[in-house]
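Report on the following structure.
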Amino acid sequence: MFTLNNVVIFLAGAEFFHTFVHIMLAYANQFPLDMKVVVLTSTINMWGIIINALITIALLLWASRLPK
């Protein structure tokens with residue numbers, strides 16, 4: 001079955017992909033992006049990159065401290 005370590009590594013991968021999508025949005029340069037609920041600007045996207053990268057690092061550090 002799945003261990004907590006496997007689940008945390010999976011979540012870190014999902015979070016990395018989310019960070020990668022924000023980086024690709026920055027290169028697409030289509031801001032402001034109206035999503036009907038919120039308008040994504042380049043500043044908000046930059047903060048999204050930073051916060052998601054920090055969450056990814058935190059999850060990887062947590063996974064490294066869990067028993068295998």
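By convention in this document, the chains of the structure tokens carry letters A, B, ... by their order, each chain's residues are numbered from 1, and ligands are numbered from 1 in the order they are shown.
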
List the spatial neighbours of segment 18-23 of chain A as an mmCIF file with all heavy atoms, in the first residue's frame - criterion: any atom at most 6 Å away, only C-alpha atoms, same-chain residues fewer than 3 positions off excluded.
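Okay, result_29.cif is ready:
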data_model
loop_
_atom_site.group_PDB
_atom_site.id
_atom_site.type_symbol
_atom_site.label_atom_id
_atom_site.label_comp_id
_atom_site.auth_asym_id
_atom_site.auth_seq_id
_atom_site.Cartn_x
_atom_site.Cartn_y
_atom_site.Cartn_z
ATOM 1 N N GLU A 15 2.799 19.741 -6.920
ATOM 2 C CA GLU A 15 3.090 21.144 -6.631
ATOM 3 C C GLU A 15 4.172 21.687 -7.562
ATOM 4 O O GLU A 15 4.115 22.833 -8.008
ATOM 5 C CB GLU A 15 3.513 21.293 -5.168
ATOM 6 C CG GLU A 15 3.423 22.685 -4.636
ATOM 7 C CD GLU A 15 2.018 23.260 -4.655
ATOM 8 O OE1 GLU A 15 1.050 22.524 -4.407
ATOM 9 O OE2 GLU A 15 1.899 24.467 -4.934
ATOM 10 N N ALA A 26 4.245 32.827 -17.392
ATOM 11 C CA ALA A 26 5.073 34.031 -17.446
ATOM 12 C C ALA A 26 5.723 34.180 -18.819
ATOM 13 O O ALA A 26 5.865 35.295 -19.334
ATOM 14 C CB ALA A 26 6.141 33.982 -16.355
ATOM 15 N N ILE A 49 4.470 31.729 -8.331
ATOM 16 C CA ILE A 49 5.690 30.953 -8.565
ATOM 17 C C ILE A 49 6.472 30.791 -7.271
ATOM 18 O O ILE A 49 6.894 29.680 -6.912
ATOM 19 C CB ILE A 49 6.561 31.626 -9.649
ATOM 20 C CG1 ILE A 49 5.873 31.558 -11.010
ATOM 21 C CG2 ILE A 49 7.940 30.983 -9.721
ATOM 22 C CD1 ILE A 49 6.530 32.430 -12.077
ATOM 23 N N ASN A 52 4.462 28.582 -4.585
ATOM 24 C CA ASN A 52 4.408 27.179 -4.977
ATOM 25 C C ASN A 52 5.780 26.520 -4.901
ATOM 26 O O ASN A 52 5.890 25.348 -4.533
ATOM 27 C CB ASN A 52 3.808 27.027 -6.373
ATOM 28 C CG ASN A 52 2.319 27.208 -6.363
ATOM 29 O OD1 ASN A 52 1.614 26.502 -5.659
ATOM 30 N ND2 ASN A 52 1.835 28.164 -7.123
#

- Message: Let me make sure I understand: among A:Ile44, A:Ala53, A:Val38, A:Leu61, which one has the smallest atom-to-atom distance to Phe17 of chain A if we use only C-alpha atoms?
- Response: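 Closest to Phe17 of chain A of all the choices is A:Ala53.
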
- Task: Extract, using only C-alpha atoms, all DNA, RNA and protein residues at most 9 Å from Leu4 of chain A, discarding same-chain residues fewer than 2 positions from it, and format them as a list of chain:residue names.
- Result: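 Here the answer would be A:Phe2, A:Asn6, A:Val7, A:Val8, A:Ile9, A:Ala63, A:Leu66, A:Pro67, A:Lys68.
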
- Message: Can you tell me, as a VMD selection string, which residues in chain A count as strand (DSSP E) by DSSP?
- Response: chain A and resid 33 to 34 39 to 40

- Task: Write out as an MDAnalysis selection string all residues of chain A that backbone DSSP assigns to alpha helix (DSSP H).
- Result: chainID A and resid 4:28 42:65

May I have the residues from that selection written out with N, CA and C atoms, as a CSV table (one decimal), in the first residue's frame?
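This is the output file out_9.csv:
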chain,number,residue,atom,x,y,z
A,4,LEU,N,3.1,7.2,3.8
A,4,LEU,CA,3.0,8.7,3.9
A,4,LEU,C,4.1,9.3,3.1
A,5,ASN,N,5.3,8.7,3.1
A,5,ASN,CA,6.4,9.2,2.3
A,5,ASN,C,6.0,9.3,0.8
A,6,ASN,N,5.4,8.2,0.3
A,6,ASN,CA,5.0,8.2,-1.1
A,6,ASN,C,3.9,9.3,-1.4
A,7,VAL,N,3.0,9.5,-0.5
A,7,VAL,CA,2.0,10.5,-0.7
A,7,VAL,C,2.6,11.9,-0.7
A,8,VAL,N,3.5,12.1,0.2
A,8,VAL,CA,4.1,13.5,0.2
A,8,VAL,C,5.0,13.7,-1.0
A,9,ILE,N,5.7,12.7,-1.5
A,9,ILE,CA,6.5,12.9,-2.7
A,9,ILE,C,5.5,13.1,-3.9
A,10,PHE,N,4.4,12.4,-4.0
A,10,PHE,CA,3.4,12.7,-5.0
A,10,PHE,C,2.9,14.1,-5.0
A,11,LEU,N,2.6,14.6,-3.8
A,11,LEU,CA,2.1,16.0,-3.6
A,11,LEU,C,3.2,17.0,-4.0
A,12,ALA,N,4.4,16.7,-3.7
A,12,ALA,CA,5.5,17.6,-4.1
A,12,ALA,C,5.6,17.6,-5.6
A,13,GLY,N,5.4,16.5,-6.3
A,13,GLY,CA,5.4,16.5,-7.8
A,13,GLY,C,4.3,17.3,-8.3
A,14,ALA,N,3.1,17.1,-7.8
A,14,ALA,CA,2.0,17.9,-8.2
A,14,ALA,C,2.2,19.4,-8.0
A,15,GLU,N,2.8,19.7,-6.9
A,15,GLU,CA,3.1,21.1,-6.6
A,15,GLU,C,4.2,21.7,-7.6
A,16,PHE,N,5.2,20.8,-7.9
A,16,PHE,CA,6.2,21.2,-8.9
A,16,PHE,C,5.5,21.5,-10.2
A,17,PHE,N,4.6,20.7,-10.7
A,17,PHE,CA,4.0,20.9,-11.9
A,17,PHE,C,3.2,22.2,-11.9
A,18,HIS,N,2.5,22.5,-10.8
A,18,HIS,CA,1.8,23.7,-10.7
A,18,HIS,C,2.7,24.9,-10.8
A,19,THR,N,3.9,24.8,-10.1
A,19,THR,CA,4.9,25.9,-10.2
A,19,THR,C,5.3,26.0,-11.7
A,20,PHE,N,5.6,24.9,-12.4
A,20,PHE,CA,6.0,24.9,-13.8
A,20,PHE,C,5.0,25.6,-14.7
A,21,VAL,N,3.7,25.4,-14.4
A,21,VAL,CA,2.6,26.0,-15.2
A,21,VAL,C,2.7,27.5,-15.0
A,22,HIS,N,2.9,28.0,-13.8
A,22,HIS,CA,3.0,29.4,-13.5
A,22,HIS,C,4.2,30.0,-14.3
A,23,ILE,N,5.3,29.3,-14.3
A,23,ILE,CA,6.5,29.7,-15.1
A,23,ILE,C,6.2,29.8,-16.6
A,24,MET,N,5.5,28.8,-17.1
A,24,MET,CA,5.1,28.8,-18.5
A,24,MET,C,4.2,30.0,-18.8
A,25,LEU,N,3.3,30.3,-17.9
A,25,LEU,CA,2.4,31.4,-18.1
A,25,LEU,C,3.2,32.7,-18.2
A,26,ALA,N,4.2,32.8,-17.4
A,26,ALA,CA,5.1,34.0,-17.4
A,26,ALA,C,5.7,34.2,-18.8
A,27,TYR,N,6.1,33.1,-19.4
A,27,TYR,CA,6.7,33.1,-20.8
A,27,TYR,C,5.7,33.4,-21.9
A,28,ALA,N,4.4,33.0,-21.6
A,28,ALA,CA,3.4,33.2,-22.6
A,28,ALA,C,3.0,34.7,-22.7
A,42,SER,N,0.7,39.8,-13.8
A,42,SER,CA,2.1,39.3,-13.8
A,42,SER,C,2.6,39.3,-12.3
A,43,THR,N,2.2,40.2,-11.5
A,43,THR,CA,2.6,40.3,-10.1
A,43,THR,C,2.1,39.1,-9.3
A,44,ILE,N,0.8,38.9,-9.5
A,44,ILE,CA,0.2,37.7,-8.8
A,44,ILE,C,0.8,36.4,-9.3
A,45,ASN,N,1.1,36.3,-10.5
A,45,ASN,CA,1.7,35.1,-11.1
A,45,ASN,C,3.1,34.9,-10.5
A,46,MET,N,3.9,36.0,-10.3
A,46,MET,CA,5.2,35.9,-9.7
A,46,MET,C,5.1,35.4,-8.3
A,47,TRP,N,4.1,35.9,-7.5
A,47,TRP,CA,3.9,35.4,-6.2
A,47,TRP,C,3.5,34.0,-6.2
A,48,GLY,N,2.7,33.6,-7.2
A,48,GLY,CA,2.3,32.2,-7.3
A,48,GLY,C,3.5,31.3,-7.5
A,49,ILE,N,4.5,31.7,-8.3
A,49,ILE,CA,5.7,31.0,-8.6
A,49,ILE,C,6.5,30.8,-7.3
A,50,ILE,N,6.7,31.9,-6.5
A,50,ILE,CA,7.4,31.9,-5.3
A,50,ILE,C,6.8,31.0,-4.3
A,51,ILE,N,5.5,31.2,-4.0
A,51,ILE,CA,4.8,30.4,-3.0
A,51,ILE,C,4.8,28.9,-3.3
A,52,ASN,N,4.5,28.6,-4.6
A,52,ASN,CA,4.4,27.2,-5.0
A,52,ASN,C,5.8,26.5,-4.9
A,53,ALA,N,6.8,27.2,-5.2
A,53,ALA,CA,8.2,26.7,-5.1
A,53,ALA,C,8.5,26.4,-3.7
A,54,LEU,N,8.2,27.3,-2.8
A,54,LEU,CA,8.4,27.1,-1.3
A,54,LEU,C,7.7,25.9,-0.8
A,55,ILE,N,6.4,25.8,-1.2
A,55,ILE,CA,5.6,24.6,-0.8
A,55,ILE,C,6.3,23.3,-1.3
A,56,THR,N,6.7,23.3,-2.6
A,56,THR,CA,7.4,22.2,-3.1
A,56,THR,C,8.6,21.8,-2.3
A,57,ILE,N,9.5,22.8,-2.0
A,57,ILE,CA,10.7,22.5,-1.2
A,57,ILE,C,10.3,22.0,0.2
A,58,ALA,N,9.3,22.6,0.8
A,58,ALA,CA,8.9,22.1,2.1
A,58,ALA,C,8.4,20.7,2.1
A,59,LEU,N,7.6,20.3,1.1
A,59,LEU,CA,7.1,19.0,0.9
A,59,LEU,C,8.3,18.0,0.7
A,60,LEU,N,9.3,18.4,-0.1
A,60,LEU,CA,10.4,17.5,-0.3
A,60,LEU,C,11.3,17.3,1.0
A,61,LEU,N,11.4,18.4,1.7
A,61,LEU,CA,12.1,18.3,3.0
A,61,LEU,C,11.4,17.4,4.0
A,62,TRP,N,10.1,17.5,4.0
A,62,TRP,CA,9.3,16.7,4.9
A,62,TRP,C,9.4,15.2,4.5
A,63,ALA,N,9.4,15.0,3.1
A,63,ALA,CA,9.5,13.6,2.6
A,63,ALA,C,10.9,13.0,3.0
A,64,SER,N,11.9,13.8,3.0
A,64,SER,CA,13.3,13.3,3.3
A,64,SER,C,13.4,13.0,4.7
A,65,ARG,N,12.6,13.5,5.6
A,65,ARG,CA,12.7,13.2,7.0
A,65,ARG,C,11.7,12.1,7.5
